[in-house]
file work_11.tsv (TSV, C-alpha atoms)
chain	number	residue	atom	x	y	z
A	1	MET	CA	40.15	23.61	43.27
A	2	CYS	CA	37.40	21.19	42.22
A	3	VAL	CA	37.90	19.99	38.62
A	4	PRO	CA	34.65	19.12	36.80
A	5	ASP	CA	34.37	15.51	35.72
A	6	SER	CA	34.98	15.42	31.94
A	7	ASN	CA	32.40	12.69	31.34
A	8	TYR	CA	29.79	14.69	33.24
A	9	THR	CA	30.63	17.81	31.21
A	10	ASN	CA	30.47	15.90	27.94
A	11	ASN	CA	27.16	14.29	28.86
A	12	ARG	CA	25.69	17.68	29.74
A	13	ARG	CA	26.90	19.06	26.40
A	14	VAL	CA	25.35	16.12	24.52
A	15	GLN	CA	22.06	16.52	26.41
A	16	THR	CA	22.01	20.26	25.66
A	17	LEU	CA	22.65	19.64	21.95
A	18	LYS	CA	19.99	16.93	21.86
A	19	LEU	CA	17.45	19.16	23.56
A	20	SER	CA	18.17	22.04	21.18
A	21	ARG	CA	17.65	19.72	18.17
A	22	ILE	CA	14.37	18.49	19.65
A	23	GLU	CA	13.18	22.04	20.28
A	24	ARG	CA	14.01	23.05	16.69
A	25	ARG	CA	11.94	20.12	15.45
A	26	LEU	CA	9.06	21.03	17.76
A	27	ASP	CA	9.16	24.63	16.52
A	28	LYS	CA	8.42	23.30	13.03
A	29	ILE	CA	5.47	21.24	14.27
A	30	ASN	CA	3.97	23.48	16.97
A	31	LYS	CA	2.98	26.58	15.04
A	32	PRO	CA	1.89	29.82	16.77
A	33	ALA	CA	-1.76	29.56	17.78
A	34	VAL	CA	-4.56	32.12	17.97
A	35	ARG	CA	-6.22	30.03	20.68
A	36	THR	CA	-5.06	27.18	22.91
A	37	ILE	CA	-7.43	24.64	24.46
A	38	GLU	CA	-6.48	22.40	27.39
A	39	SER	CA	-8.44	19.18	26.96
A	40	PRO	CA	-9.76	17.25	29.99
A	41	ASP	CA	-7.77	14.22	28.79
A	42	GLY	CA	-4.46	16.10	29.07
A	43	ASP	CA	-4.00	17.06	25.41
A	44	ILE	CA	-3.21	20.64	24.45
A	45	ILE	CA	-4.94	21.66	21.24
A	46	ASP	CA	-3.56	24.68	19.37
A	47	CYS	CA	-5.83	26.53	16.94
A	48	VAL	CA	-3.41	27.42	14.13
A	49	PRO	CA	-4.28	29.65	11.16
A	50	ARG	CA	-5.01	27.34	8.22
A	51	HIS	CA	-2.44	28.97	5.95
A	52	LYS	CA	0.31	28.54	8.59
A	53	GLN	CA	-0.14	24.82	9.31
A	54	PRO	CA	2.91	22.49	9.13
A	55	ALA	CA	1.85	20.88	5.83
A	56	LEU	CA	2.79	23.92	3.80
A	57	ASP	CA	6.45	23.70	4.88
A	58	HIS	CA	6.92	20.71	2.58
A	59	PRO	CA	9.31	21.56	-0.30
A	60	LEU	CA	6.91	19.99	-2.82
A	61	LEU	CA	4.13	22.30	-1.60
A	62	LYS	CA	5.93	25.65	-1.84
A	63	ASN	CA	3.54	26.87	-4.52
A	64	HIS	CA	0.53	24.87	-3.36
A	65	LYS	CA	-2.72	26.77	-2.92
A	66	ILE	CA	-5.01	25.23	-0.31
A	67	GLN	CA	-7.99	23.73	-2.11
A	68	LYS	CA	-11.03	25.80	-1.22
A	69	ALA	CA	-13.55	24.24	-3.58
A	70	ALA	CA	-15.14	21.24	-1.89
A	71	PRO	CA	-14.34	18.01	-3.73
A	72	GLU	CA	-17.13	16.07	-5.36
A	73	ARG	CA	-18.07	13.34	-2.90
A	74	PRO	CA	-18.46	9.81	-4.25
A	75	ARG	CA	-22.05	8.53	-4.43
A	76	PHE	CA	-23.06	4.98	-3.67
A	77	LYS	CA	-24.39	2.91	-6.55
A	78	GLY	CA	-27.65	1.25	-5.52
A	79	ASP	CA	-29.85	1.39	-2.43
A	80	ARG	CA	-28.44	1.41	1.05
A	81	THR	CA	-29.77	2.14	4.53
A	82	PRO	CA	-26.88	2.93	6.93
A	83	ILE	CA	-27.13	1.15	10.27
A	84	ASN	CA	-25.46	3.00	13.15
A	85	TYR	CA	-24.85	1.40	16.52
A	86	ASN	CA	-23.73	4.51	18.39
A	87	ALA	CA	-25.72	5.33	21.50
A	88	SER	CA	-27.03	8.79	20.63
A	89	ASP	CA	-26.46	11.82	18.44
A	90	ALA	CA	-25.35	13.79	21.51
A	91	THR	CA	-22.68	11.23	22.32
A	92	ARG	CA	-21.43	11.17	18.75
A	93	ARG	CA	-21.05	14.94	18.64
A	94	ALA	CA	-18.80	14.97	21.71
A	95	TRP	CA	-16.48	12.26	20.48
A	96	GLN	CA	-13.28	14.21	21.12
A	97	ALA	CA	-12.79	15.37	24.71
A	98	TRP	CA	-11.47	18.84	23.88
A	99	HIS	CA	-14.88	19.72	22.40
A	100	HIS	CA	-16.19	19.95	25.98
A	101	VAL	CA	-13.84	22.86	26.68
A	102	GLY	CA	-13.84	24.94	23.51
A	103	HIS	CA	-13.65	25.11	19.74
A	104	CYS	CA	-11.23	26.50	17.19
A	105	PRO	CA	-12.36	29.59	15.27
A	106	LYS	CA	-13.14	29.45	11.57
A	107	GLY	CA	-10.02	29.84	9.45
A	108	THR	CA	-7.94	27.81	11.92
A	109	VAL	CA	-7.20	24.10	12.31
A	110	PRO	CA	-6.87	22.21	15.64
A	111	ILE	CA	-3.43	20.65	16.08
A	112	ARG	CA	-2.47	18.45	19.02
A	113	ARG	CA	0.64	20.00	20.55
A	114	SER	CA	3.76	17.81	20.67
A	115	SER	CA	6.10	17.92	23.68
A	116	VAL	CA	9.74	17.15	24.42
A	117	ASP	CA	8.54	14.03	26.27
A	118	ASP	CA	6.72	12.86	23.13
A	119	VAL	CA	9.97	13.03	21.17
A	120	LEU	CA	12.05	11.42	23.92
A	121	ARG	CA	9.80	8.34	23.89
A	122	ALA	CA	10.71	7.75	20.24
A	123	LYS	CA	13.67	5.61	19.21
A	124	SER	CA	15.35	8.73	17.82
A	125	LEU	CA	14.50	12.18	16.50
A	126	PHE	CA	14.41	10.71	12.98
A	127	HIS	CA	11.96	8.00	14.05
A	128	PHE	CA	9.60	10.39	15.86
A	129	GLY	CA	6.17	10.21	14.26
A	130	LYS	CA	7.12	7.41	11.86
A	131	LYS	CA	6.18	3.77	11.59
A	132	HIS	CA	9.05	1.62	12.80
A	133	LEU	CA	9.99	-0.78	10.05
A	134	GLY	CA	13.49	-1.40	11.36
A	135	GLY	CA	15.06	-0.98	7.94
A	136	VAL	CA	13.63	-4.33	6.84
A	137	PRO	CA	12.36	-4.18	3.24
A	138	LEU	CA	8.74	-4.92	2.45
A	139	ALA	CA	8.41	-8.58	1.48
A	140	ARG	CA	5.35	-9.45	-0.55
A	141	LYS	CA	4.16	-12.94	0.26
A	142	VAL	CA	1.74	-14.78	-2.02
A	143	ASP	CA	-1.35	-12.57	-2.04
A	144	ALA	CA	-0.35	-11.05	1.28
A	145	PRO	CA	0.13	-7.28	0.76
A	146	ASP	CA	1.94	-4.92	3.11
A	147	VAL	CA	3.38	-7.79	5.13
A	148	VAL	CA	6.73	-6.85	6.60
A	149	SER	CA	8.96	-9.85	7.08
A	150	GLY	CA	10.83	-10.29	10.33
A	151	ASN	CA	10.19	-6.89	11.91
A	152	GLY	CA	7.47	-7.87	14.34
A	153	HIS	CA	4.45	-6.34	12.60
A	154	GLU	CA	1.44	-8.67	12.47
A	155	HIS	CA	-1.82	-8.14	10.61
A	156	ALA	CA	-5.36	-9.40	10.18
A	157	ILE	CA	-6.63	-7.74	7.02
A	158	ALA	CA	-9.02	-7.88	4.11
A	159	TYR	CA	-7.78	-6.62	0.74
A	160	THR	CA	-8.99	-6.08	-2.78
A	161	VAL	CA	-8.13	-8.61	-5.47
A	162	ASN	CA	-8.16	-8.34	-9.26
A	163	THR	CA	-8.25	-4.54	-9.19
A	164	GLU	CA	-6.04	-2.36	-11.33
A	165	GLU	CA	-7.70	1.00	-10.73
A	166	VAL	CA	-8.99	2.18	-7.36
A	167	TYR	CA	-9.76	5.79	-6.53
A	168	GLY	CA	-10.66	5.48	-2.86
A	169	ALA	CA	-12.20	3.38	-0.11
A	170	LYS	CA	-14.61	3.59	2.77
A	171	ALA	CA	-15.41	1.61	5.92
A	172	THR	CA	-17.07	1.91	9.29
A	173	ILE	CA	-14.61	0.81	11.98
A	174	ASN	CA	-15.56	-0.46	15.45
A	175	VAL	CA	-13.57	1.42	18.16
A	176	TRP	CA	-12.09	-0.36	21.21
A	177	ASP	CA	-9.21	0.26	23.61
A	178	PRO	CA	-6.93	-2.77	23.25
A	179	SER	CA	-4.26	-3.26	25.90
A	180	ILE	CA	-0.61	-2.79	24.93
A	181	GLN	CA	2.05	-4.89	26.65
A	182	VAL	CA	5.10	-2.63	26.27
A	183	GLU	CA	5.45	1.06	25.40
A	184	ASN	CA	7.05	0.63	21.97
A	185	GLU	CA	4.29	-1.65	20.67
A	186	PHE	CA	0.99	-0.42	19.19
A	187	SER	CA	-2.38	-1.69	18.03
A	188	LEU	CA	-4.25	-0.04	15.20
A	189	SER	CA	-7.25	-0.53	12.93
A	190	GLN	CA	-7.17	1.29	9.62
A	191	ILE	CA	-7.66	1.63	5.88
A	192	TRP	CA	-4.64	1.47	3.56
A	193	ILE	CA	-4.76	3.01	0.04
A	194	LEU	CA	-1.77	1.59	-1.87
A	195	SER	CA	0.12	1.85	-5.14
A	196	GLY	CA	3.63	0.94	-6.23
A	197	SER	CA	5.76	-2.16	-5.68
A	198	PHE	CA	5.69	-4.15	-2.44
A	199	ASP	CA	9.25	-5.38	-2.84
A	200	GLY	CA	10.95	-2.09	-3.64
A	201	THR	CA	11.31	1.40	-2.27
A	202	ASP	CA	8.56	3.16	-4.20
A	203	LEU	CA	5.43	1.99	-2.37
A	204	ASN	CA	2.92	4.83	-1.89
A	205	SER	CA	0.47	4.52	0.99
A	206	ILE	CA	-2.31	6.68	2.44
A	207	GLU	CA	-3.69	5.46	5.76
A	208	ALA	CA	-6.29	6.43	8.34
A	209	GLY	CA	-8.06	4.83	11.29
A	210	TRP	CA	-7.65	4.60	15.06
A	211	GLN	CA	-4.64	3.46	17.07
A	212	VAL	CA	-3.41	2.92	20.61
A	213	SER	CA	0.28	3.86	20.82
A	214	PRO	CA	1.82	4.67	24.23
A	215	GLU	CA	5.12	5.60	22.59
A	216	LEU	CA	3.57	8.13	20.21
A	217	TYR	CA	0.97	9.67	22.54
A	218	GLY	CA	2.08	8.84	26.09
A	219	ASP	CA	-1.15	7.05	27.02
A	220	SER	CA	-3.34	4.09	26.11
A	221	ARG	CA	-6.33	5.88	24.60
A	222	PRO	CA	-7.58	5.05	21.08
A	223	ARG	CA	-6.88	8.02	18.83
A	224	LEU	CA	-7.84	9.10	15.33
A	225	PHE	CA	-4.76	8.99	13.10
A	226	THR	CA	-3.54	9.46	9.55
A	227	TYR	CA	-0.31	8.33	7.86
A	228	TRP	CA	1.36	8.64	4.47
A	229	THR	CA	4.54	7.58	2.71
A	230	SER	CA	5.80	7.76	-0.87
A	231	ASP	CA	8.92	5.61	-0.43
A	232	ALA	CA	7.85	2.44	1.43
A	233	TYR	CA	8.15	4.06	4.90
A	234	GLN	CA	11.82	4.89	4.51
A	235	ALA	CA	12.16	8.68	4.79
A	236	THR	CA	8.92	10.34	3.64
A	237	GLY	CA	5.69	10.78	5.55
A	238	CYS	CA	4.58	10.51	9.15
A	239	TYR	CA	1.65	10.13	11.49
A	240	ASN	CA	-0.92	12.90	11.72
A	241	LEU	CA	0.59	16.40	11.38
A	242	LEU	CA	4.01	15.47	12.82
A	243	CYS	CA	5.67	16.43	9.54
A	244	SER	CA	4.68	18.53	6.56
A	245	GLY	CA	2.33	16.93	4.03
A	246	PHE	CA	-1.31	16.38	5.03
A	247	ILE	CA	-3.35	19.59	4.72
A	248	GLN	CA	-6.12	19.96	7.26
A	249	THR	CA	-9.19	22.02	6.38
A	250	ASN	CA	-11.55	21.23	9.27
A	251	ASN	CA	-11.64	23.35	12.46
A	252	ARG	CA	-13.50	20.81	14.60
A	253	ILE	CA	-11.58	17.54	14.23
A	254	ALA	CA	-8.12	17.17	15.78
A	255	ILE	CA	-6.07	14.41	14.18
A	256	GLY	CA	-4.27	12.50	16.93
A	257	ALA	CA	-6.89	13.37	19.56
A	258	ALA	CA	-8.54	10.63	21.61
A	259	ILE	CA	-11.85	9.04	20.58
A	260	SER	CA	-14.55	8.66	23.20
A	261	PRO	CA	-16.65	6.76	24.13
A	262	VAL	CA	-15.33	3.34	23.09
A	263	SER	CA	-16.98	-0.06	22.80
A	264	SER	CA	-17.04	-2.60	25.62
A	265	SER	CA	-17.82	-6.29	25.57
A	266	GLY	CA	-21.56	-7.03	25.61
A	267	ASN	CA	-22.45	-3.31	25.81
A	268	ASN	CA	-22.83	-0.35	23.42
A	269	GLN	CA	-20.75	-0.55	20.26
A	270	TYR	CA	-19.17	2.62	18.87
A	271	ASP	CA	-17.67	3.11	15.44
A	272	ILE	CA	-16.25	5.73	13.11
A	273	THR	CA	-16.77	5.97	9.35
A	274	ILE	CA	-13.78	6.94	7.22
A	275	LEU	CA	-13.82	7.70	3.50
A	276	ILE	CA	-10.66	8.43	1.49
A	277	TRP	CA	-10.94	9.29	-2.19
A	278	LYS	CA	-9.21	11.05	-5.04
A	279	ASP	CA	-10.85	14.30	-6.11
A	280	PRO	CA	-11.52	13.72	-9.84
A	281	ILE	CA	-10.90	17.40	-10.62
A	282	ALA	CA	-7.97	18.60	-8.47
A	283	GLY	CA	-6.41	15.15	-8.00
A	284	ASN	CA	-5.86	15.48	-4.24
A	285	TRP	CA	-6.72	12.58	-1.90
A	286	TRP	CA	-9.41	13.70	0.55
A	287	MET	CA	-10.48	12.22	3.87
A	288	SER	CA	-13.92	12.55	5.41
A	289	LEU	CA	-15.26	11.35	8.74
A	290	GLY	CA	-18.69	10.21	9.87
A	291	ASP	CA	-21.93	9.25	8.16
A	292	SER	CA	-22.33	12.82	6.94
A	293	SER	CA	-18.85	12.73	5.33
A	294	THR	CA	-17.40	15.72	7.20
A	295	LEU	CA	-14.30	16.83	5.32
A	296	VAL	CA	-11.12	16.61	7.43
A	297	GLY	CA	-8.45	17.54	4.89
A	298	TYR	CA	-6.38	16.08	2.08
A	299	TRP	CA	-3.06	14.64	0.96
A	300	PRO	CA	-1.91	16.79	-2.00
A	301	ALA	CA	-1.21	14.86	-5.20
A	302	GLU	CA	2.27	16.44	-5.31
A	303	LEU	CA	3.39	14.23	-2.39
A	304	PHE	CA	3.14	11.03	-4.38
A	305	THR	CA	4.47	9.22	-7.42
A	306	HIS	CA	2.13	6.29	-8.12
A	307	LEU	CA	-0.79	7.66	-6.09
A	308	SER	CA	-0.71	10.88	-8.06
A	309	ASP	CA	-2.55	8.79	-10.65
A	310	ARG	CA	-4.57	6.09	-8.84
A	311	ALA	CA	-4.37	3.28	-6.30
A	312	THR	CA	-4.01	-0.38	-7.18
A	313	MET	CA	-5.00	-1.97	-3.88
A	314	VAL	CA	-6.99	-1.27	-0.73
A	315	GLU	CA	-6.59	-2.97	2.64
A	316	TRP	CA	-8.78	-2.83	5.73
A	317	GLY	CA	-7.91	-4.32	9.10
A	318	GLY	CA	-5.71	-4.48	12.16
A	319	GLU	CA	-1.98	-4.29	12.79
A	320	VAL	CA	0.08	-4.78	15.96
A	321	VAL	CA	3.76	-4.72	16.80
A	322	ASN	CA	5.13	-7.86	18.46
A	323	THR	CA	8.56	-7.15	19.97
A	324	ARG	CA	8.71	-10.47	21.88
A	325	SER	CA	10.12	-8.40	24.73
A	326	HIS	CA	10.02	-11.29	27.21
A	327	GLY	CA	11.03	-14.00	24.77
A	328	GLU	CA	7.43	-14.85	23.95
A	329	HIS	CA	4.67	-13.49	21.74
A	330	THR	CA	3.30	-10.17	22.93
A	331	SER	CA	-0.02	-9.98	24.75
A	332	THR	CA	-0.80	-6.71	22.94
A	333	GLN	CA	-4.39	-7.05	21.76
A	334	MET	CA	-5.75	-6.41	18.29
A	335	GLY	CA	-9.25	-4.96	17.95
A	336	SER	CA	-11.20	-5.91	21.06
A	337	GLY	CA	-8.71	-8.60	22.07
A	338	ARG	CA	-11.22	-11.30	21.04
A	339	PHE	CA	-11.05	-13.66	18.08
A	340	ALA	CA	-13.36	-13.14	15.10
A	341	GLU	CA	-15.60	-16.11	15.92
A	342	GLU	CA	-17.01	-14.32	18.99
A	343	GLY	CA	-18.97	-11.97	16.70
A	344	PHE	CA	-20.90	-8.77	17.35
A	345	GLY	CA	-20.51	-7.14	20.75
A	346	ARG	CA	-17.34	-9.05	21.57
A	347	ALA	CA	-15.12	-9.14	18.48
A	348	SER	CA	-14.20	-5.93	16.67
A	349	TYR	CA	-15.58	-5.31	13.17
A	350	PHE	CA	-15.17	-3.38	9.95
A	351	ARG	CA	-18.47	-2.99	8.09
A	352	ASN	CA	-19.69	-1.60	4.78
A	353	LEU	CA	-16.36	-2.02	2.99
A	354	GLU	CA	-16.59	0.02	-0.20
A	355	VAL	CA	-14.29	1.17	-3.00
A	356	VAL	CA	-14.39	4.23	-5.25
A	357	ASP	CA	-14.20	3.53	-8.98
A	358	SER	CA	-13.06	5.66	-11.90
A	359	ASP	CA	-16.38	7.55	-12.24
A	360	ASN	CA	-16.28	8.58	-8.55
A	361	SER	CA	-18.91	6.03	-7.50
A	362	LEU	CA	-18.87	3.94	-4.33
A	363	THR	CA	-19.54	0.22	-4.72
A	364	SER	CA	-19.48	-2.59	-2.20
A	365	ALA	CA	-16.07	-4.29	-2.07
A	366	ARG	CA	-17.17	-7.78	-3.07
A	367	ALA	CA	-13.89	-9.12	-4.50
A	368	ILE	CA	-11.80	-9.31	-1.33
A	369	ALA	CA	-9.48	-11.83	0.28
A	370	THR	CA	-8.40	-12.06	3.91
A	371	MET	CA	-5.03	-12.69	5.49
A	372	ALA	CA	-3.50	-13.12	8.96
A	373	GLU	CA	0.09	-14.23	9.50
A	374	ASN	CA	-0.63	-16.21	12.67
A	375	THR	CA	-4.27	-17.15	13.21
A	376	LYS	CA	-3.49	-18.57	16.66
A	377	CYS	CA	-2.71	-15.02	17.78
A	378	TYR	CA	-5.03	-12.84	15.66
A	379	ASP	CA	-7.56	-13.86	13.01
A	380	ILE	CA	-10.22	-12.57	10.62
A	381	LYS	CA	-13.52	-13.85	9.16
A	382	SER	CA	-15.45	-12.05	6.40
A	383	PHE	CA	-19.17	-12.05	5.60
A	384	SER	CA	-21.80	-10.08	3.68
A	385	ASN	CA	-25.45	-9.14	4.18
A	386	ALA	CA	-27.91	-6.45	3.13
A	387	ASP	CA	-27.30	-4.05	6.04
A	388	TRP	CA	-23.53	-4.28	6.53
A	389	GLY	CA	-22.58	-5.07	2.93
A	390	THR	CA	-19.14	-6.67	2.95
A	391	TYR	CA	-17.85	-6.86	6.53
A	392	PHE	CA	-15.55	-8.81	8.80
A	393	TYR	CA	-14.70	-9.55	12.41
A	394	TYR	CA	-11.02	-9.59	13.33
A	395	GLY	CA	-8.53	-9.43	16.18
A	396	GLY	CA	-7.28	-11.49	19.05
A	397	PRO	CA	-5.44	-11.52	22.38
A	398	GLY	CA	-1.93	-12.19	21.13
A	399	ASN	CA	-0.14	-14.42	23.62
A	400	ASN	CA	-2.19	-17.46	24.70
A	401	PRO	CA	-1.55	-21.22	25.09
A	402	HIS	CA	-1.80	-21.64	21.29
A	403	CYS	CA	0.29	-18.50	20.60
A	404	PRO	CA	3.35	-18.86	22.83

call {"tool": "encode", "arguments": {"input": "work_11.tsv", "output": "structure tokens"}}
result
Amino acid sequence: MCVPDSNYTNNRRVQTLKLSRIERRLDKINKPAVRTIESPDGDIIDCVPRHKQPALDHPLLKNHKIQKAAPERPRFKGDRTPINYNASDATRRAWQAWHHVGHCPKGTVPIRRSSVDDVLRAKSLFHFGKKHLGGVPLARKVDAPDVVSGNGHEHAIAYTVNTEEVYGAKATINVWDPSIQVENEFSLSQIWILSGSFDGTDLNSIEAGWQVSPELYGDSRPRLFTYWTSDAYQATGCYNLLCSGFIQTNNRIAIGAAISPVSSSGNNQYDITILIWKDPIAGNWWMSLGDSSTLVGYWPAELFTHLSDRATMVEWGGEVVNTRSHGEHTSTQMGSGRFAEEGFGRASYFRNLEVVDSDNSLTSARAIATMAENTKCYDIKSFSNADWGTYFYYGGPGNNPHCP
């Protein structure tokens, strides 16, 4: 009689248990849909009834009623003529590939379906959908916010100085498709809305922008993303809708879906405009997209401690992960992969940096500083003019003769 190998049996049992845990997690994320759309780029978009989306599973939102009244949008103080470098209105409308195939009905929200493979690419089930900070505490350097010491995250950012009360921020962000050296690295360009201490466990952060993350998405496309945490990235929060928290209200924009077309060197430049602000009446933090400020959804005030009141700092810029996988600095690119000095059409930009003040007005972010940990790898240069307000170029190639 053939006796089964005990190690083989145990391994099968472990794999079965692991798979069942993954499937239970996916059942919480992938809600039953009234319509499913197969996108040309490989994504599956589920149209989920708004009142059954994952956000409402959060224990702090048990009694939350989805905000139906549109928040009062901040108005810009002064005169401004927006300059848009996108190729055409038609191109801008079709900026997510799944739009070519179908749309989600009113009363539903489009949610990118997560798969077993998505989870298996993560370090663990706990780490799925979360920023990897390796358990290293946030270390605030001199005037260098959100810098994480020793965990391989590198930044090139602009940030507000001498501000005690901030109620939102806005920027138009150039979109590229930077190359990523290894699967568990990423490159992103985003806005951070921050409050709390940088050297403790109570930092609150609301984030949105675009990112390339092969580990999270299984490809190298730039994708619209959101993030939040109320405990310095330890246990709370996640990317997109991969946990309960962010409440989506829009039926046309899929968070986590790919952005197309993207910029290329010396050719058309494409960008997205993101505004995040605190509704002065309900207190929720809303996100809008585009020049017309299309509402995407909101982070309920109940999720936060410090941000339930206001923010104390805003950051704009790029972040990469440098794992030094081959014993040298990563060649993962930030922005376009070009240094700031190369300017428009070659270096990536953030333009029209603005902040929301206590009377729900947008003003140009004039009092900013810039920071990059290693300017031989990635750098940043800020400017201002009448059309672009406060703006900067940023990024770099990573590994090069001056960045070994």

call {"tool": "closest_atom_pairs", "arguments": {"input": "work_11.tsv", "of": "range 167-244 of chain A", "to": "range 356-378 of chain A", "cutoff": "12 Å", "atoms": "only C-alpha atoms", "output": "CSV"}}
result
residue,atom,partner,partner_atom,distance
A:Tyr167,CA,A:Val356,CA,5.1
A:Gly168,CA,A:Val356,CA,4.6
A:Ala169,CA,A:Val356,CA,5.7
A:Lys170,CA,A:Val356,CA,8.0
A:Ala171,CA,A:Ala365,CA,10.0
A:Ser187,CA,A:Tyr378,CA,11.7
A:Ile193,CA,A:Val356,CA,11.1

call {"tool": "residues_around", "arguments": {"input": "work_11.tsv", "residues": "range 48-61 of chain A", "least_positions_apart": "4", "cutoff": "10 Å", "atoms": "only C-alpha atoms", "output": "ChimeraX atom specification"}}
result
/A:27-36,65-66,104-111,241-251,299-304

call {"tool": "atom_distance", "arguments": {"input": "work_11.tsv", "atom1": "CA of Ile206 in chain A", "atom2": "CA of Thr229 in chain A"}}
result
6.9 Å

call {"tool": "closest_residue", "arguments": {"input": "work_11.tsv", "among": "A:Lys130, A:Arg73, A:Lys18, A:His64", "to": "Ser293 in chain A", "atoms": "only C-alpha atoms"}}
result
A:Arg73

call {"tool": "residues_around", "arguments": {"input": "work_11.tsv", "residues": "Gly209 in chain A", "least_positions_apart": "5", "cutoff": "8 Å", "atoms": "all atoms listed in the file", "output": "PDB file with C-alpha atoms, keeping the file's coordinate frame"}}
result
ATOM      1  CA  ILE A 173     -14.610   0.810  11.980  1.00  0.00           C
ATOM      2  CA  LEU A 188      -4.250  -0.040  15.200  1.00  0.00           C
ATOM      3  CA  SER A 189      -7.250  -0.530  12.930  1.00  0.00           C
ATOM      4  CA  GLN A 190      -7.170   1.290   9.620  1.00  0.00           C
ATOM      5  CA  ILE A 191      -7.660   1.630   5.880  1.00  0.00           C
ATOM      6  CA  LEU A 224      -7.840   9.100  15.330  1.00  0.00           C
ATOM      7  CA  PHE A 225      -4.760   8.990  13.100  1.00  0.00           C
ATOM      8  CA  THR A 226      -3.540   9.460   9.550  1.00  0.00           C
ATOM      9  CA  ILE A 274     -13.780   6.940   7.220  1.00  0.00           C
TER      10      ILE A 274
END

call {"tool": "atom_distance", "arguments": {"input": "work_11.tsv", "atom1": "CA of Ser220 in chain A", "atom2": "CA of Gly398 in chain A"}}
result
17.1 Å

call {"tool": "atom_distance", "arguments": {"input": "work_11.tsv", "atom1": "CA of Tyr393 in chain A", "atom2": "CA of Met334 in chain A"}}
result
11.2 Å

call {"tool": "residues_near_point", "arguments": {"input": "work_11.tsv", "point": "(-2.2, -15.6, 23.9)", "cutoff": "12 Å", "atoms": "all atoms listed in the file", "output": "list in words"}}
result
Gln181, Asn322, Glu328, His329, Thr330, Ser331, Thr332, Gln333, Met334, Gly337, Arg338, Phe339, Asn374, Thr375, Lys376, Cys377, Tyr378, Gly395, Gly396, Pro397, Gly398, Asn399, Asn400, Pro401, His402, Cys403 and Pro404 of chain A

call {"tool": "closest_residue", "arguments": {"input": "work_11.tsv", "among": "A:Glu319, A:Asp43, A:Asp379, A:Glu342", "to": "Gln211 in chain A", "atoms": "only C-alpha atoms"}}
result
A:Glu319

call {"tool": "closest_residue", "arguments": {"input": "work_11.tsv", "among": "A:Val175, A:Ala208, A:Ile380, A:Ala254", "to": "Tyr227 in chain A", "atoms": "all atoms listed in the file"}}
result
A:Ala208

call {"tool": "closest_residue", "arguments": {"input": "work_11.tsv", "among": "A:Ser213, A:Ser260, A:Ser195, A:Ser39", "to": "Ala232 in chain A", "atoms": "all atoms listed in the file"}}
result
A:Ser195

call {"tool": "closest_residue", "arguments": {"input": "work_11.tsv", "among": "A:Asn352, A:Thr160, A:Asn240, A:Asn184", "to": "Ala257 in chain A", "atoms": "all atoms listed in the file"}}
result
A:Asn240

call {"tool": "closest_residue", "arguments": {"input": "work_11.tsv", "among": "A:Thr323, A:Asn162, A:Ser179, A:Gln234", "to": "Gly200 in chain A", "atoms": "only C-alpha atoms"}}
result
A:Gln234

call {"tool": "residues_around", "arguments": {"input": "work_11.tsv", "residues": "Arg121 in chain A", "least_positions_apart": "6", "cutoff": "12 Å", "atoms": "all atoms listed in the file", "output": "PyMOL selection string"}}
result
chain A and resi 22+114-115+127-129+183-185+213-219

call {"tool": "axis_aligned_box", "arguments": {"input": "work_11.tsv", "around": "range 59-67 of chain A", "padding_each_side": "6 Å", "output": "JSON"}}
result
{"center_x": 0.7, "center_y": 23.4, "center_z": -2.4, "size_x": 29.3, "size_y": 18.9, "size_z": 16.2}

call {"tool": "build_atoms", "arguments": {"input": "work_11.tsv", "residues": "range 335-342 of chain A", "atoms": "N, CA and C atoms", "output": "PDB file, in the frame of the given file"}}
result
ATOM      1  N   GLY A 335      -7.801  -5.144  17.900  1.00  0.00           N
ATOM      2  CA  GLY A 335      -9.250  -4.960  17.950  1.00  0.00           C
ATOM      3  C   GLY A 335      -9.738  -4.931  19.385  1.00  0.00           C
ATOM      4  N   SER A 336     -10.661  -5.825  19.697  1.00  0.00           N
ATOM      5  CA  SER A 336     -11.200  -5.910  21.060  1.00  0.00           C
ATOM      6  C   SER A 336     -10.385  -6.844  21.937  1.00  0.00           C
ATOM      7  N   GLY A 337      -9.429  -7.566  21.334  1.00  0.00           N
ATOM      8  CA  GLY A 337      -8.710  -8.600  22.070  1.00  0.00           C
ATOM      9  C   GLY A 337      -9.382  -9.955  21.987  1.00  0.00           C
ATOM     10  N   ARG A 338     -10.483 -10.041  21.220  1.00  0.00           N
ATOM     11  CA  ARG A 338     -11.220 -11.300  21.040  1.00  0.00           C
ATOM     12  C   ARG A 338     -11.054 -11.781  19.599  1.00  0.00           C
ATOM     13  N   PHE A 339     -11.129 -13.091  19.420  1.00  0.00           N
ATOM     14  CA  PHE A 339     -11.050 -13.660  18.080  1.00  0.00           C
ATOM     15  C   PHE A 339     -12.347 -13.398  17.309  1.00  0.00           C
ATOM     16  N   ALA A 340     -12.244 -13.474  15.987  1.00  0.00           N
ATOM     17  CA  ALA A 340     -13.360 -13.140  15.100  1.00  0.00           C
ATOM     18  C   ALA A 340     -14.607 -13.955  15.372  1.00  0.00           C
ATOM     19  N   GLU A 341     -14.455 -15.214  15.754  1.00  0.00           N
ATOM     20  CA  GLU A 341     -15.600 -16.110  15.920  1.00  0.00           C
ATOM     21  C   GLU A 341     -16.566 -15.663  17.005  1.00  0.00           C
ATOM     22  N   GLU A 342     -16.125 -14.756  17.897  1.00  0.00           N
ATOM     23  CA  GLU A 342     -17.010 -14.320  18.990  1.00  0.00           C
ATOM     24  C   GLU A 342     -18.079 -13.345  18.514  1.00  0.00           C
TER      25      GLU A 342
END
